[in-house]
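data04.txt (compact mmCIF, C-alpha atoms)
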```txt
# COMPACT_ATOMS: atom_id res chain seq x y z
CA MET H 590 77.71 -17.10 11.09
CA VAL H 591 78.38 -15.17 14.27
CA GLU H 592 79.99 -16.84 17.28
CA SER H 593 79.31 -15.96 20.89
CA LYS H 594 81.92 -14.74 23.36
CA LEU H 595 79.93 -15.95 26.37
CA ASP H 596 81.47 -18.56 28.67
CA GLU H 597 79.32 -21.47 29.84
CA LYS H 598 80.85 -21.11 33.33
CA ASN H 599 79.06 -17.79 33.79
CA ALA H 600 75.58 -18.98 32.77
CA VAL H 601 72.84 -18.45 35.37
CA LEU H 602 70.81 -21.34 33.91
CA ASN H 603 72.29 -24.45 32.31
CA GLN H 604 69.92 -27.36 31.64
CA ILE H 605 69.52 -30.33 29.32
CA CYS H 606 66.20 -31.04 27.58
CA ASN H 607 66.03 -34.62 26.37
CA ALA H 608 64.53 -35.59 23.03
CA GLY H 609 60.75 -35.74 23.26
CA ASP H 610 60.53 -33.56 26.39
CA PRO H 611 58.93 -30.14 26.83
CA TRP H 612 60.83 -27.34 28.60
CA MET H 613 59.62 -24.04 29.98
CA ALA H 614 61.43 -21.11 31.58
CA THR H 615 61.32 -17.34 31.93
CA VAL H 616 64.03 -15.23 30.32
CA LYS H 617 64.24 -11.65 31.54
CA LYS H 618 64.70 -8.58 29.40
CA SER H 619 68.36 -8.17 28.29
CA GLN H 620 69.32 -11.71 29.35
CA ILE H 621 70.93 -13.90 26.66
CA PHE H 622 69.31 -17.26 25.85
CA ARG H 623 71.23 -19.99 23.99
CA ILE H 624 69.93 -23.22 22.48
CA LEU H 625 72.74 -25.69 21.79
CA ASP H 626 72.29 -28.63 19.41
CA LEU H 627 74.41 -31.17 21.31
CA GLU H 628 74.51 -34.01 18.79
CA GLY H 629 73.38 -32.31 15.57
CA ASN H 630 70.29 -31.97 13.36
CA GLN H 631 67.83 -31.67 16.23
CA ALA H 632 64.71 -29.57 15.61
CA VAL H 633 63.81 -27.45 18.66
CA ASP H 634 60.18 -26.32 18.42
CA THR H 635 60.02 -23.04 20.32
CA LEU H 636 57.28 -20.57 21.32
CA PHE H 637 57.70 -17.27 23.18
CA TYR H 638 55.14 -15.34 25.24
CA SER H 639 55.32 -11.98 26.94
CA ALA H 640 55.80 -12.84 30.62
CA SER H 641 53.45 -10.03 31.63
CA ASN H 642 50.66 -10.92 29.16
CA ALA H 643 50.67 -14.26 27.36
CA GLU H 644 48.13 -12.87 24.90
CA GLU H 645 51.15 -11.20 23.32
CA ARG H 646 53.23 -13.98 21.79
CA TYR H 647 55.73 -14.78 19.07
CA SER H 648 54.05 -14.38 15.70
CA ALA H 649 55.57 -16.16 12.72
CA VAL H 650 53.66 -14.06 10.18
CA ASP H 651 54.61 -10.78 11.87
CA THR H 652 58.24 -11.90 12.03
CA ILE H 653 58.18 -12.84 8.32
CA ALA H 654 56.21 -9.86 6.98
CA ARG H 655 57.91 -7.13 9.06
CA GLN H 656 61.37 -8.25 7.90
CA ARG H 657 60.27 -9.53 4.47
CA GLN H 658 62.35 -12.60 5.20
CA LEU H 659 61.45 -16.28 5.67
CA TYR H 660 64.45 -17.59 7.58
CA LEU H 661 66.04 -16.62 10.87
CA THR H 662 69.71 -16.00 11.66
CA THR H 663 71.94 -13.44 13.39
CA GLY H 664 70.25 -10.03 13.29
CA SER H 665 66.73 -11.44 12.93
CA VAL H 666 64.14 -9.97 15.27
CA LEU H 667 61.44 -12.26 16.66
CA TYR H 668 58.29 -10.12 16.58
CA SER H 669 55.21 -10.48 18.75
CA SER H 670 51.58 -10.52 17.70
CA GLU H 671 51.52 -6.84 18.77
CA GLY H 672 54.39 -5.95 16.45
CA ASN H 673 56.92 -5.59 19.28
CA ALA H 674 60.46 -7.02 19.28
CA MET H 675 60.52 -9.97 21.70
CA LEU H 676 64.05 -11.25 21.10
CA THR H 677 66.93 -10.54 18.71
CA ILE H 678 69.24 -13.28 17.47
CA VAL H 679 72.77 -12.16 18.39
CA ALA H 680 74.82 -15.28 17.55
CA ASP H 681 74.20 -18.26 15.29
CA THR H 682 76.60 -20.95 14.16
CA CYS H 683 73.93 -22.89 12.24
CA GLY H 684 72.94 -20.14 9.78
CA SER H 685 69.23 -20.67 9.15
CA HIS H 686 66.19 -21.57 11.20
CA ASP H 687 62.64 -22.39 10.10
CA THR H 688 59.56 -20.20 10.61
CA LEU H 689 56.93 -22.17 8.67
CA GLY H 690 57.11 -25.87 9.58
CA GLY H 691 55.32 -25.57 12.90
CA ALA H 692 55.03 -28.46 15.33
CA CYS H 693 54.33 -32.08 14.54
CA SER H 694 51.23 -33.55 16.13
CA ALA H 695 49.42 -36.86 16.50
CA GLU H 696 46.71 -35.52 14.22
CA SER H 697 49.02 -34.23 11.50
CA ASN H 698 50.94 -37.51 11.63
CA THR H 699 47.72 -39.18 10.45
CA THR H 700 47.52 -37.00 7.35
CA ARG H 701 51.23 -36.64 6.58
CA TYR H 702 52.33 -40.26 7.04
CA ALA H 703 49.54 -42.77 7.80
CA LEU H 704 46.35 -42.98 9.86
CA GLU H 705 48.19 -45.50 12.08
CA LYS H 706 50.91 -42.97 13.01
CA ARG H 707 48.60 -41.15 15.45
CA HIS H 708 50.19 -42.80 18.46
CA MET H 709 53.76 -41.71 17.88
CA HIS H 710 55.01 -39.06 20.29
CA SER H 711 54.78 -35.51 18.90
CA CYS H 712 55.69 -31.90 19.66
CA ARG H 713 52.12 -30.75 20.10
CA ASP H 714 51.52 -33.52 22.63
CA SER H 715 54.57 -32.19 24.50
CA PHE H 716 53.07 -28.69 24.34
CA MET H 717 49.73 -30.03 25.66
CA TYR H 718 51.55 -31.83 28.49
CA ALA H 719 53.38 -28.62 29.41
CA LEU H 720 50.11 -26.65 29.42
CA ASN H 721 48.54 -29.10 31.87
CA THR H 722 51.54 -29.68 34.14
CA CYS H 723 53.80 -26.59 34.26
CA SER H 724 52.72 -24.02 36.85
CA CYS H 725 54.03 -21.24 34.60
CA ALA H 726 51.45 -22.31 31.96
CA SER H 727 48.45 -22.41 34.30
CA HIS H 728 46.95 -19.36 32.57
CA MET H 729 47.40 -20.83 29.08
CA SER H 730 45.51 -23.29 26.88
CA LYS H 731 45.55 -24.74 23.37
CA ARG H 732 44.43 -21.30 22.11
CA ASP H 733 47.95 -20.12 22.94
CA ILE H 734 49.75 -22.77 20.90
CA THR H 735 50.50 -20.87 17.74
CA GLY H 736 53.01 -21.31 14.91
CA ASN H 737 56.42 -21.95 16.44
CA ILE H 738 60.04 -21.50 15.39
CA ASN H 739 61.96 -24.66 14.54
CA PHE H 740 65.51 -23.88 15.52
CA PHE H 741 68.07 -25.93 13.56
CA MET H 742 65.43 -27.11 11.05
CA ASN H 743 65.86 -26.51 7.33
CA VAL H 744 62.60 -26.02 5.38
CA PRO H 745 63.43 -23.98 2.27
CA VAL H 746 60.71 -22.46 0.08
CA THR H 747 61.54 -22.38 -3.63
CA ALA H 748 60.75 -19.37 -5.85
CA ASP H 749 57.82 -21.33 -7.31
CA GLY H 750 56.41 -21.82 -3.83
CA ALA H 751 57.28 -25.44 -3.02
CA LEU H 752 57.96 -26.26 0.61
CA VAL H 753 60.95 -28.61 0.83
CA PHE H 754 61.93 -30.70 3.84
CA ALA H 755 65.65 -30.64 3.21
CA ASP H 756 68.39 -32.41 5.11
CA GLY H 757 69.50 -30.52 8.18
CA ILE H 758 72.32 -27.98 8.07
CA SER H 759 72.98 -28.12 11.79
CA GLY H 760 75.62 -30.25 13.46
CA ALA H 761 76.90 -31.27 16.87
CA GLY H 762 77.80 -28.22 18.92
CA LYS H 763 75.99 -25.65 16.76
CA TYR H 764 73.97 -23.05 18.64
CA VAL H 765 71.74 -20.04 18.32
CA GLU H 766 71.74 -17.24 20.86
CA MET H 767 69.22 -14.45 21.36
CA ARG H 768 68.82 -11.37 23.56
CA ALA H 769 65.44 -10.90 25.18
CA GLU H 770 63.94 -7.48 24.43
CA MET H 771 61.16 -8.05 26.99
CA ASP H 772 60.54 -10.58 29.78
CA VAL H 773 59.50 -13.74 27.95
CA ILE H 774 58.25 -17.22 28.77
CA VAL H 775 59.95 -19.83 26.57
CA LEU H 776 58.07 -23.02 25.73
CA ILE H 777 60.08 -25.72 23.94
CA SER H 778 59.31 -29.16 22.60
CA ASN H 779 62.51 -31.01 21.77
CA CYS H 780 61.11 -32.72 18.70
CA PRO H 781 60.48 -36.50 18.78
CA GLN H 782 59.50 -36.82 15.10
CA LEU H 783 60.84 -40.04 13.51
CA ASN H 784 59.02 -39.94 10.16
CA ASN H 785 61.09 -37.28 8.38
CA PRO H 786 64.69 -36.04 8.36
CA CYS H 787 64.07 -33.03 10.65
CA ASN H 788 65.95 -34.81 13.46
CA GLY H 789 68.15 -37.00 11.27
CA TYR H 790 65.80 -39.89 12.27
CA ASN H 791 67.49 -39.85 15.67
CA PRO H 792 66.12 -37.24 18.13
CA THR H 793 68.79 -36.13 20.62
CA PRO H 794 69.12 -33.81 23.67
CA VAL H 795 69.67 -30.08 23.53
CA GLN H 796 71.23 -27.72 26.08
CA LEU H 797 69.55 -24.50 27.24
CA LEU H 798 71.61 -21.71 28.79
CA VAL H 799 70.84 -18.21 30.07
CA TRP H 800 73.30 -15.42 30.90
CA ASP H 801 72.63 -12.16 32.70
CA SER H 802 73.46 -9.04 30.72
CA LYS H 803 76.94 -7.70 31.47
CA MET N 1140 30.11 -23.14 -10.06
CA THR N 1141 27.97 -23.70 -13.13
CA GLN N 1142 25.11 -21.54 -14.26
CA LYS N 1143 22.74 -24.29 -13.19
CA GLN N 1144 23.81 -23.94 -9.57
CA ASN N 1145 21.61 -21.57 -7.66
CA ILE N 1146 23.22 -18.74 -5.80
CA LEU N 1147 22.05 -18.87 -2.18
CA TRP N 1148 23.10 -15.32 -1.43
CA ASN N 1149 25.45 -12.56 -2.51
CA GLU N 1150 27.26 -10.06 -0.35
CA VAL N 1151 29.78 -7.36 -1.24
CA ILE N 1152 32.50 -6.56 1.29
CA PRO N 1153 33.65 -2.99 0.56
CA GLY N 1154 37.44 -2.64 0.39
CA GLY N 1155 38.93 -2.51 3.89
CA ASN N 1156 35.80 -3.95 5.53
CA HIS N 1157 35.21 -7.24 7.34
CA TRP N 1158 32.66 -10.04 7.56
CA SER N 1159 32.03 -13.29 9.40
CA GLY N 1160 29.51 -16.08 9.12
CA LEU N 1161 28.72 -19.77 9.37
CA MET N 1162 29.43 -21.77 6.22
CA ARG N 1163 27.81 -25.18 6.42
CA ARG N 1164 29.44 -28.40 5.24
CA GLY N 1165 28.72 -28.86 1.54
CA THR N 1166 28.24 -25.19 0.73
CA ALA N 1167 30.79 -23.20 -1.23
CA LEU N 1168 31.73 -19.59 -1.54
CA ARG N 1169 32.97 -17.92 -4.67
CA ILE N 1170 35.05 -14.86 -3.78
CA ILE N 1171 35.33 -12.34 -6.61
CA ASP N 1172 37.94 -9.57 -6.82
CA LEU N 1173 35.73 -6.74 -8.08
CA ALA N 1174 38.40 -4.16 -8.97
CA GLY N 1175 41.71 -6.06 -9.24
CA GLY N 1176 44.50 -6.17 -6.67
CA ALA N 1177 42.14 -7.22 -3.86
CA ASN N 1178 43.28 -8.87 -0.66
CA CYS N 1179 40.82 -11.04 1.26
CA SER N 1180 42.28 -12.35 4.53
CA ALA N 1181 40.47 -15.41 5.86
CA LEU N 1182 40.36 -17.29 9.17
CA PHE N 1183 38.65 -20.68 9.58
CA TYR N 1184 37.25 -22.32 12.74
CA ASN N 1185 35.21 -25.45 13.34
CA ALA N 1186 31.90 -23.79 14.22
CA GLU N 1187 30.98 -26.59 16.66
CA ASP N 1188 34.31 -26.51 18.51
CA LYS N 1189 36.11 -23.27 17.86
CA LEU N 1190 39.27 -24.54 19.56
CA GLU N 1191 39.74 -26.46 16.32
CA ARG N 1192 40.99 -23.97 13.75
CA TYR N 1193 43.02 -23.40 10.59
CA ASN N 1194 46.62 -24.46 11.04
CA LEU N 1195 49.06 -22.80 8.67
CA SER N 1196 51.93 -25.23 9.18
CA ASP N 1197 49.84 -28.40 8.95
CA THR N 1198 48.29 -27.05 5.74
CA LEU N 1199 51.65 -26.27 4.14
CA LYS N 1200 53.46 -29.40 5.34
CA ALA N 1201 50.83 -31.87 4.23
CA GLN N 1202 50.76 -30.41 0.73
CA HIS N 1203 54.45 -29.44 0.44
CA THR N 1204 53.54 -25.93 -0.63
CA ALA N 1205 53.94 -22.39 0.70
CA PHE N 1206 50.88 -21.00 -1.16
CA LEU N 1207 47.38 -22.24 -1.99
CA THR N 1208 45.53 -22.78 -5.26
CA LYS N 1209 43.03 -25.18 -6.85
CA GLY N 1210 43.40 -28.68 -5.42
CA ASN N 1211 44.70 -27.51 -2.05
CA VAL N 1212 42.77 -27.89 1.18
CA ILE N 1213 42.68 -25.90 4.42
CA TYR N 1214 43.68 -28.15 7.35
CA SER N 1215 42.64 -27.72 10.96
CA ASP N 1216 45.04 -28.43 13.81
CA MET N 1217 43.14 -31.72 14.33
CA GLY N 1218 44.08 -33.32 11.00
CA ARG N 1219 40.74 -32.56 9.34
CA VAL N 1220 39.85 -30.64 6.19
CA LEU N 1221 37.98 -27.44 7.02
CA ALA N 1222 37.67 -26.31 3.41
CA SER N 1223 38.92 -27.00 -0.13
CA ILE N 1224 39.86 -24.74 -3.04
CA ILE N 1225 37.80 -26.26 -5.84
CA ALA N 1226 38.33 -23.57 -8.48
CA ASP N 1227 40.77 -20.70 -8.87
CA SER N 1228 41.47 -18.23 -11.66
CA VAL N 1229 44.38 -16.61 -9.78
CA GLY N 1230 46.90 -19.40 -9.14
CA TRP N 1231 48.58 -18.18 -5.97
CA HIS N 1232 47.05 -17.20 -2.63
CA ASP N 1233 49.42 -16.06 0.13
CA THR N 1234 49.61 -17.89 3.47
CA ILE N 1235 52.74 -16.56 5.13
CA CYS N 1236 52.40 -12.80 5.64
CA GLY N 1237 49.51 -12.39 8.05
CA VAL N 1238 47.54 -9.14 8.12
CA SER N 1239 48.20 -5.40 8.33
CA ASP N 1240 47.73 -3.67 11.67
CA ALA N 1241 46.76 -0.07 12.47
CA ASN N 1242 50.38 1.11 12.78
CA MET N 1243 51.31 -0.33 9.39
CA ILE N 1244 48.27 1.28 7.77
CA ALA N 1245 49.04 4.69 9.32
CA ALA N 1246 52.71 4.46 8.29
CA GLN N 1247 51.86 3.61 4.70
CA TYR N 1248 48.70 5.61 4.02
CA GLY N 1249 48.43 8.21 6.78
CA GLU N 1250 45.68 8.59 9.35
CA SER N 1251 41.99 8.54 8.51
CA SER N 1252 39.55 8.05 11.36
CA TYR N 1253 35.78 7.66 11.45
CA GLN N 1254 35.58 11.14 13.03
CA THR N 1255 37.16 12.74 9.94
CA HIS N 1256 36.22 10.37 7.12
CA ARG N 1257 33.14 8.48 8.31
CA ASN N 1258 32.93 5.09 6.61
CA ASP N 1259 35.82 5.91 4.31
CA MET N 1260 38.15 5.57 7.31
CA TYR N 1261 41.24 3.42 6.89
CA ARG N 1262 40.77 -0.02 8.40
CA SER N 1263 43.50 -2.58 9.10
CA GLY N 1264 43.22 -6.30 8.57
CA LYS N 1265 43.95 -7.09 12.19
CA ASP N 1266 41.33 -4.70 13.60
CA GLY N 1267 38.67 -6.02 11.23
CA LEU N 1268 39.38 -9.63 12.12
CA LEU N 1269 39.38 -8.84 15.87
CA ILE N 1270 35.98 -7.12 15.54
CA GLU N 1271 34.52 -10.19 13.84
CA LEU N 1272 36.21 -12.64 16.24
CA ALA N 1273 34.71 -10.81 19.22
CA LYS N 1274 31.21 -11.42 17.80
CA HIS N 1275 31.82 -15.13 18.30
CA GLY N 1276 33.46 -14.99 21.73
CA LEU N 1277 36.96 -15.14 20.28
CA GLY N 1278 39.86 -12.72 20.67
CA LYS N 1279 43.54 -12.05 20.16
CA ARG N 1280 44.53 -15.51 21.40
CA ASP N 1281 42.47 -16.98 18.56
CA LEU N 1282 43.90 -14.76 15.83
CA THR N 1283 45.80 -17.33 13.77
CA ALA N 1284 47.76 -16.81 10.58
CA SER N 1285 45.39 -15.91 7.73
CA VAL N 1286 44.98 -17.15 4.20
CA ASN N 1287 45.34 -14.01 2.06
CA PHE N 1288 43.24 -14.72 -0.99
CA PHE N 1289 44.32 -12.89 -4.19
CA SER N 1290 47.73 -11.84 -2.76
CA LYS N 1291 51.21 -13.12 -3.55
CA ALA N 1292 54.67 -12.68 -2.02
CA VAL N 1293 57.57 -14.75 -3.35
CA PRO N 1294 60.94 -15.57 -1.74
CA ASP N 1295 64.31 -15.50 -3.44
CA ASP N 1296 66.99 -18.12 -2.72
CA GLU N 1297 67.96 -16.36 0.51
CA GLY N 1298 64.36 -16.12 1.72
CA ASN N 1299 63.88 -12.40 0.98
CA LEU N 1300 60.21 -11.79 0.19
CA SER N 1301 58.87 -9.51 -2.50
CA PHE N 1302 55.24 -8.56 -3.00
CA VAL N 1303 53.81 -9.29 -6.45
CA ALA N 1304 51.55 -6.40 -7.41
CA ASN N 1305 48.55 -7.14 -9.62
CA ASN N 1306 48.56 -10.85 -8.83
CA SER N 1307 44.79 -10.73 -9.20
CA LYS N 1308 42.91 -8.97 -12.00
CA ALA N 1309 39.42 -7.49 -11.81
CA GLY N 1310 36.95 -10.36 -12.01
CA SER N 1311 39.36 -13.00 -10.64
CA THR N 1312 37.62 -15.71 -8.62
CA VAL N 1313 38.44 -18.39 -6.09
CA ASP N 1314 35.89 -21.03 -5.04
CA ILE N 1315 36.10 -22.52 -1.56
CA ARG N 1316 34.03 -25.55 -0.57
CA PHE N 1317 33.42 -26.00 3.15
CA ASP N 1318 34.02 -29.59 4.25
CA MET N 1319 33.11 -28.91 7.87
CA ASN N 1320 30.70 -26.45 9.45
CA VAL N 1321 33.06 -23.49 9.45
CA LEU N 1322 33.02 -20.12 11.15
CA LEU N 1323 34.58 -18.02 8.39
CA VAL N 1324 36.10 -14.62 9.25
CA LEU N 1325 37.14 -12.25 6.45
CA SER N 1326 38.84 -8.88 6.04
CA ALA N 1327 39.28 -7.02 2.74
CA ALA N 1328 41.91 -4.64 4.15
CA PRO N 1329 45.28 -4.20 2.40
CA HIS N 1330 47.92 -6.95 2.54
CA PRO N 1331 50.81 -6.09 4.90
CA LEU N 1332 53.29 -6.05 1.99
CA GLU N 1333 51.05 -4.02 -0.35
CA THR N 1334 53.18 -1.44 -2.19
CA LYS N 1335 50.51 1.14 -3.10
CA THR N 1336 50.69 4.35 -1.10
CA VAL N 1337 47.05 5.36 -1.58
CA TYR N 1338 44.51 3.54 0.59
CA ALA N 1339 42.09 2.08 -1.95
CA PRO N 1340 41.62 -1.64 -1.25
CA ALA N 1341 39.39 -3.43 -3.76
CA ALA N 1342 35.94 -4.69 -2.77
CA VAL N 1343 35.25 -8.42 -2.94
CA LYS N 1344 31.95 -10.13 -3.66
CA LEU N 1345 30.85 -13.33 -1.95
CA SER N 1346 28.50 -15.71 -3.76
CA ALA N 1347 27.38 -18.75 -1.78
CA TYR N 1348 26.11 -21.92 -3.47
CA HIS N 1349 25.57 -25.62 -2.79
CA ALA N 1350 28.62 -27.66 -3.84
CA GLY N 1351 27.69 -30.91 -2.12
CA GLU N 1352 29.95 -33.00 0.08
CA VAL N 1353 33.28 -34.23 -1.24
CA THR N 1354 33.09 -37.16 -3.67
CA ARG N 1355 35.52 -40.03 -4.30
CA ASP N 1356 36.81 -38.44 -7.49
CA ASP N 1357 37.26 -34.97 -6.00
CA ILE N 1358 40.28 -33.04 -7.27
CA CYS N 1359 41.25 -31.82 -3.79
CA ARG N 1360 40.83 -35.23 -2.20
CA ASN N 1361 43.01 -36.87 -4.85
CA ASN N 1362 45.59 -34.08 -5.01
CA CYS N 1363 47.88 -36.09 -2.70
CA LEU N 1364 47.66 -39.05 -0.32
CA GLN N 1365 47.82 -36.63 2.61
CA ASN N 1366 44.57 -34.98 1.52
CA SER N 1367 42.89 -38.37 1.05
CA ARG N 1368 43.71 -39.19 4.66
CA GLY N 1369 42.57 -35.74 5.80
CA PHE N 1370 39.16 -36.40 4.26
CA VAL N 1371 38.98 -39.79 6.04
CA ASN N 1372 39.53 -37.97 9.34
CA THR N 1373 36.86 -35.42 8.37
CA GLU N 1374 34.28 -38.05 7.39
CA ARG N 1375 34.79 -39.89 10.69
CA TYR N 1376 33.96 -36.67 12.56
CA TYR N 1377 30.49 -36.59 11.01
CA LEU N 1378 29.56 -40.28 11.35
```
structure tokens encoding of this file:
Amino acid sequence: MVESKLDEKNAVLNQICNAGDPWMATVKKSQIFRILDLEGNQAVDTLFYSASNAEERYSAVDTIARQRQLYLTTGSVLYSSEGNAMLTIVADTCGSHDTLGGACSAESNTTRYALEKRHMHSCRDSFMYALNTCSCASHMSKRDITGNINFFMNVPVTADGALVFADGISGAGKYVEMRAEMDVIVLISNCPQLNNPCNGYNPTPVQLLVWDSK
Amino acid sequence: MTQKQNILWNEVIPGGNHWSGLMRRGTALRIIDLAGGANCSALFYNAEDKLERYNLSDTLKAQHTAFLTKGNVIYSDMGRVLASIIADSVGWHDTICGVSDANMIAAQYGESSYQTHRNDMYRSGKDGLLIELAKHGLGKRDLTASVNFFSKAVPDDEGNLSFVANNSKAGSTVDIRFDMNVLLVLSAAPHPLETKTVYAPAAVKLSAYHAGEVTRDDICRNNCLQNSRGFVNTERYYL
């Protein structure tokens, strides 16, 4: 666990993203980006793209294989599909973040829970809405929605290869903070999933903050 | 695959090389590790709508597993079953490490170009997959996570991954039935966590045969309730 010394008063961006909403912004190289879990156990499904070329994007498998490590915490580098460092986690009071669980969707709700669960709100629907409504996504499409990070979500893999949806280890006020190593577009879905414990069965708002480098 | 089933075609992918093709619903492919220690990275797309493609997370979440073996299915991002693993002599196929790229290959094995080594040049998984994707109008934006048949990397309690050498012996096989019309893209280049320092990836052999469409008593369909529902979604697509 590494705490941040940054003061909220000095943030150049300070916004709330409500449960079930998408959020998009650009974070410039060397700026610090914080995601704050306001009420606890809230999965924040997050994708990153190079601001200069969205074809280069966060790659879960590159991030895992290049560091030979499944989970993210302070010191973890988020690698792009081109093998470049996009962001580095510089503070984390939660301790572990998921790389494998991806985003919930209407379609995967039908397989995971019941055919009738298609109509519940989902992260991938939030991503689709962002693609078709945010001007900063006008050059992007479903092809660009790849495997995301779930900040604050706890999905351990056992040594025998089982994927476990464990109770969250986050709590109210926990945060993760990362330094951008290139100009990036951030695309978030603040997860609305109600069928599993990833949001403690009660999706809640998160706070997004950006600081300029000192 | 029984001896009674007729082989439709065979094809050998030399180690390091790449392949792509249309696998129709109801056909199956046996992939054979010809030398042991092979890696066969695979991408899956709905051939009729290539925006629908293999989804790593949906595949793992629905089946509560981080690796694939007999009984598991390959899910698309649309809740349908692209393919099923109907037989497997290996027991663990990696899903979480992606493919090697040219820089990784050069760092581990040195440089070997076509100019100097002709068709013995060192090929990376990523470059091979991108070559095949381009043949079908696809590109980097379509390069999803791969299923790495024959390879294994295991995590410890802290999530540190280690590569398991010799996970697959010479003659190991995995049989994949295609439950949709699938554009299949393959590379037999080394796994990104491969520990050997000499570039000598094993060749794999493909043998295609008719498996028929999924039945009510299918092992993959009945592996879990999630898969049963995935097959309902798939059947509706073809009504």
| request: Go ahead and find all residues with at least one atom no further than 9 Å from (63.2, -22.4, 25.4) in the file's coordinates, using only C-alpha atoms; report them as an MDAnalysis selection string. | output: chainID H and resid 611:616 622:624 633:637 774:778 797
| said: Residues of chain N within 9 Å of chain H, counting only C-alpha atoms - could you list those as an NGL selection string? | reply: :N and (1190 or 1194-1197 or 1199-1206 or 1216-1219 or 1231 or 1234-1238 or 1240 or 1242 or 1279-1285 or 1293-1301 or 1331-1332 or 1364-1372)
| query | Between N:Ala1241, N:Ile1315, N:Leu1277, N:Leu1269, which is the closest to Val1212 in chain N once you count all atoms listed in the file? | reply |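 Among the listed residues, the smallest separation from Val1212 in chain N belongs to N:Ile1315.
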| Which one is closest to Thr1166 in chain N: N:Ala1309, N:Met1260, N:Ile1225, N:Leu1182? Count only C-alpha atoms. |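 That would be N:Ile1225, the residue with the smallest distance to Thr1166 in chain N.
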| field | Top pick for closest residue to Gln1247 in chain N, considering N:Phe1183, N:Trp1158, N:Tyr1261, N:Trp1148 and counting all atoms listed in the file | value |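 Closest candidate: N:Tyr1261.
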| field | Point-to-point distance from CA of Ile1244 in chain N to CA of Thr1336 in chain N, Å rounded to tenths | value |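 Answer for the CA of Ile1244 in chain N to CA of Thr1336 in chain N separation: 9.7 Å.
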| Pick from N:Thr1373, N:Ser1263, N:Ser1326, N:Asn1361, whichever lies nearest to Asn1211 in chain N using only C-alpha atoms | N:Asn1361
| field | Between CA of Gly1351 in chain N and CA of Thr1312 in chain N, distance in Å (one decimal) | value |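 If I compute the distance from CA of Gly1351 in chain N to CA of Thr1312 in chain N, I get 19.3 Å.
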| Suppose you want the space between CA of Ser759 in chain H and CA of Gln782 in chain H; what is it in Å? |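 A separation of 16.4 Å between them.
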| said: I need the residue nearest Lys763 in chain H from this list: H:Ala608, H:Leu667, H:Ala680, H:Val799. Use all atoms listed in the file for the distance. | reply: H:Ala680
| For Ser802 in chain H: contacts at 10 Å, all atoms listed in the file, fewer than 3 positions along chain excluded, given as a list in words |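 Result of the neighbour search: Lys617, Lys618, Ser619, Gln620, Ile621, Arg768, Ala769 and Val799 of chain H.
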| query | Neighbours of range 629-631 of chain H within 9 Å (all atoms listed in the file; same-chain residues fewer than 6 positions away dropped), as a PyMOL selection string? | reply | chain H and resi 608+740-742+756-763+779-780+786-789+791-795
| Hey, which of N:Asn1149, N:Asn1320, N:Ser1252, N:Ser1307 ends up closest to Tyr1376 in chain N? Count all atoms listed in the file. | N:Asn1320
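Contact shell of Asp681 in chain H at 10 Å (all atoms listed in the file; same-chain neighbours under 3 positions omitted): H:Met590, H:Val591, H:Glu592, H:Ser593, H:Arg623, H:Ile624, H:Leu625, H:Leu661, H:Thr662, H:Thr663, H:Gly664, H:Ile678, H:Gly684, H:Ser685, H:His686, H:Phe741, H:Lys763, H:Tyr764, H:Val765, H:Glu766, H:Met767.
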